[in-house]
Amino acid sequence: MTHRKHIAAVVSQVNLNGMQLGYDFENRALFLFGDIDAGTAYRFIAGFKWLDRTPGPIHILLSSPGGGTDSGIAIYETIRTANNPTIVEGIGIVASAAVPVLLAGSVRFLNPSTRVMIHNISFEIDGTLSTPEAKYISMSAEHFNEWYHGLIAERTGAKPKDIEKWCSGETSFAAEEAVKLGFADKVLTAKPFPTSYAAALKEIQGFIEKPKRRKAKK
């Protein structure tokens, strides 16, 4: 019978519980996935503030189609007022209200197949609106679009006329193009697949720190 050695990763119960909410406390990482709403913002900001109490970079993994304007701004300002540098890594899709989260990072990475999409604010309206309500929505949209365009200009260096053109519709950029336009600093390099099972196992073992042997007492 062949005996195989199994590699096991030990995760503390505190970190395991945190990861269910999107926190990896031990590695100072947060996961922001899916729609951005009040609940998402609450969980993210609570975890971020906890990590920000102690020194060290905070890693944010981001994959979101966007969501609520106010929630996106709340997350953006939480990152921008942090005590620590932040690393934001875009995965899959970073769109709409999630783009300010990407732009907030001290360092911004994109995975090779990630897409970045920007557009002006939109509203879902059910039923009729009174004149004051319509006026409020119009003013809110104008205010947010001005803030959104200004943020993109500040963090990318793009010209206002280009930003207005991009945001007039839904404009999507591939990772390499997004970096060239200033939305991120670098596209992460995809590693080649291992050529064999033995090579894959060797690569896995290289990431695992071997336990130090205790010296025998004389």
# chains A, B, ... in the order shown; residues from 1 in each chain; ligands from 1

$ residues_around --residues "segment 112-121 of chain A" --least-positions-apart "3" --cutoff "10 Å" --atoms "only C-alpha atoms" --output "VMD selection string"
chain A and resid 63 to 66 68 to 69 89 to 100 102 109 140 to 146 148 to 149 152 163 to 179 183 to 184 186 to 190

$ write_last_selection --atoms "C-alpha atoms" --output "compact mmCIF listing (two decimals), in the first residue's frame"
# COMPACT_ATOMS: atom_id res chain seq x y z
CA SER A 63 -15.04 41.75 -7.28
CA SER A 64 -18.27 43.72 -7.67
CA PRO A 65 -20.72 44.87 -10.36
CA GLY A 66 -21.40 47.98 -8.25
CA GLY A 68 -25.59 51.76 -4.01
CA THR A 69 -23.94 55.13 -4.50
CA GLU A 89 -6.78 43.78 -6.07
CA GLY A 90 -9.53 43.66 -8.70
CA ILE A 91 -10.84 40.23 -9.65
CA GLY A 92 -13.41 39.42 -12.34
CA ILE A 93 -15.43 42.65 -12.53
CA VAL A 94 -15.00 46.09 -10.98
CA ALA A 95 -17.89 48.26 -12.12
CA SER A 96 -19.92 51.35 -11.31
CA ALA A 97 -19.88 52.10 -7.55
CA ALA A 98 -17.05 49.58 -7.07
CA VAL A 99 -14.64 51.65 -9.19
CA PRO A 100 -14.07 54.26 -6.43
CA LEU A 102 -10.41 50.33 -6.62
CA PHE A 109 -3.75 45.65 -9.04
CA SER A 140 -28.42 64.04 -6.48
CA ALA A 141 -27.47 62.56 -9.85
CA GLU A 142 -25.67 65.74 -10.89
CA HIS A 143 -23.80 65.90 -7.57
CA PHE A 144 -22.69 62.26 -7.71
CA ASN A 145 -21.66 62.41 -11.37
CA GLU A 146 -19.55 65.48 -10.63
CA TYR A 148 -17.42 60.47 -9.72
CA HIS A 149 -15.88 62.25 -12.71
CA ILE A 152 -11.59 59.42 -11.92
CA ILE A 163 -14.46 60.89 -18.74
CA GLU A 164 -17.77 62.51 -19.72
CA LYS A 165 -17.78 60.50 -22.95
CA TRP A 166 -17.01 57.21 -21.15
CA CYS A 167 -19.65 57.80 -18.49
CA SER A 168 -22.39 58.85 -20.92
CA GLY A 169 -22.87 55.13 -21.60
CA GLU A 170 -21.51 51.94 -20.02
CA THR A 171 -17.82 51.90 -20.99
CA SER A 172 -15.81 48.79 -20.18
CA PHE A 173 -12.03 48.42 -20.18
CA ALA A 174 -9.93 45.26 -20.23
CA ALA A 175 -7.25 44.99 -17.53
CA GLU A 176 -4.30 46.12 -19.69
CA GLU A 177 -6.27 49.06 -21.08
CA ALA A 178 -7.44 50.05 -17.60
CA VAL A 179 -3.82 50.19 -16.44
CA PHE A 183 -7.37 53.01 -13.24
CA ALA A 184 -4.80 50.59 -11.81
CA LYS A 186 -0.34 46.85 -12.69
CA VAL A 187 -1.86 43.71 -14.17
CA LEU A 188 -0.81 40.65 -12.21
CA THR A 189 0.99 37.98 -14.23
CA ALA A 190 -0.77 34.65 -14.71

$ atom_distance --atom1 "atom CA of Ile87 of chain A" --atom2 "atom CA of Val107 of chain A"
4.9 Å

$ residues_around --residues "Asn84 of chain A" --least-positions-apart "6" --cutoff "9 Å" --atoms "only C-alpha atoms" --output "ChimeraX atom specification"
/A:52-58

$ write_last_selection --atoms "N, CA and C atoms" --output "PDB file, in the first residue's frame"
ATOM      1  N   ASP A  52      -7.380  48.278  10.890  1.00  0.00           N
ATOM      2  CA  ASP A  52      -6.679  49.559  10.809  1.00  0.00           C
ATOM      3  C   ASP A  52      -6.204  50.060  12.172  1.00  0.00           C
ATOM      4  N   ARG A  53      -6.611  49.387  13.253  1.00  0.00           N
ATOM      5  CA  ARG A  53      -6.152  49.788  14.587  1.00  0.00           C
ATOM      6  C   ARG A  53      -4.685  49.453  14.815  1.00  0.00           C
ATOM      7  N   THR A  54      -4.169  48.484  14.053  1.00  0.00           N
ATOM      8  CA  THR A  54      -2.780  48.044  14.217  1.00  0.00           C
ATOM      9  C   THR A  54      -2.015  48.310  12.929  1.00  0.00           C
ATOM     10  N   PRO A  55      -0.683  48.504  13.022  1.00  0.00           N
ATOM     11  CA  PRO A  55       0.098  48.865  11.839  1.00  0.00           C
ATOM     12  C   PRO A  55       0.289  47.705  10.868  1.00  0.00           C
ATOM     13  N   GLY A  56       0.319  48.056   9.581  1.00  0.00           N
ATOM     14  CA  GLY A  56       0.570  47.077   8.539  1.00  0.00           C
ATOM     15  C   GLY A  56      -0.369  47.275   7.364  1.00  0.00           C
ATOM     16  N   PRO A  57       0.077  46.982   6.145  1.00  0.00           N
ATOM     17  CA  PRO A  57      -0.776  47.144   4.964  1.00  0.00           C
ATOM     18  C   PRO A  57      -2.039  46.301   5.061  1.00  0.00           C
ATOM     19  N   ILE A  58      -3.121  46.783   4.464  1.00  0.00           N
ATOM     20  CA  ILE A  58      -4.386  46.058   4.426  1.00  0.00           C
ATOM     21  C   ILE A  58      -4.680  45.695   2.971  1.00  0.00           C
TER      22      ILE A  58
END

$ closest_residue --among "A:Tyr197, A:Trp147, A:Phe31, A:Phe25" --to "Phe44 of chain A" --atoms "only C-alpha atoms"
A:Phe31

$ select_by_dssp --residues "segment 26-217 of chain A" --states "helix (DSSP H, G or I)" --output "VMD selection string"
chain A and resid 26 to 27 38 to 51 69 to 80 96 to 104 131 to 156 160 to 167 175 to 180 197 to 207

$ select_by_dssp --residues "segment 37-82 of chain A" --states "strand (DSSP E or B)" --output "JSON, numbers by chain"
{"A": [58, 59, 60, 61, 62, 63, 64, 67]}

$ atom_distance --atom1 "atom CA of Tyr23 of chain A" --atom2 "atom CA of Lys49 of chain A"
11.5 Å

$ closest_atom_pairs --of "segment 31-66 of chain A" --to "segment 74-77 of chain A" --cutoff "10 Å" --atoms "only C-alpha atoms" --output "JSON lines"
{"residue": "A:Ile36", "atom": "CA", "partner": "A:Ile75", "partner_atom": "CA", "distance": 9.3}
{"residue": "A:Ala38", "atom": "CA", "partner": "A:Ala74", "partner_atom": "CA", "distance": 9.4}
{"residue": "A:Thr40", "atom": "CA", "partner": "A:Ile75", "partner_atom": "CA", "distance": 9.4}
{"residue": "A:Ala41", "atom": "CA", "partner": "A:Ile75", "partner_atom": "CA", "distance": 6.2}
{"residue": "A:Tyr42", "atom": "CA", "partner": "A:Ile75", "partner_atom": "CA", "distance": 8.8}
{"residue": "A:Phe44", "atom": "CA", "partner": "A:Ile75", "partner_atom": "CA", "distance": 7.6}
{"residue": "A:Ile45", "atom": "CA", "partner": "A:Ile75", "partner_atom": "CA", "distance": 6.6}
{"residue": "A:Phe48", "atom": "CA", "partner": "A:Ile75", "partner_atom": "CA", "distance": 9.4}

$ write_last_selection --atoms "C-alpha atoms" --output "compact mmCIF listing (two decimals), in the first residue's frame"
# COMPACT_ATOMS: atom_id res chain seq x y z
CA ILE A 36 -22.41 46.93 -2.76
CA ALA A 38 -25.69 49.05 3.16
CA THR A 40 -21.98 45.00 2.49
CA ALA A 41 -20.62 48.42 3.49
CA TYR A 42 -21.32 47.76 7.18
CA PHE A 44 -16.56 45.77 5.19
CA ILE A 45 -16.11 48.95 7.25
CA PHE A 48 -11.50 47.38 7.96
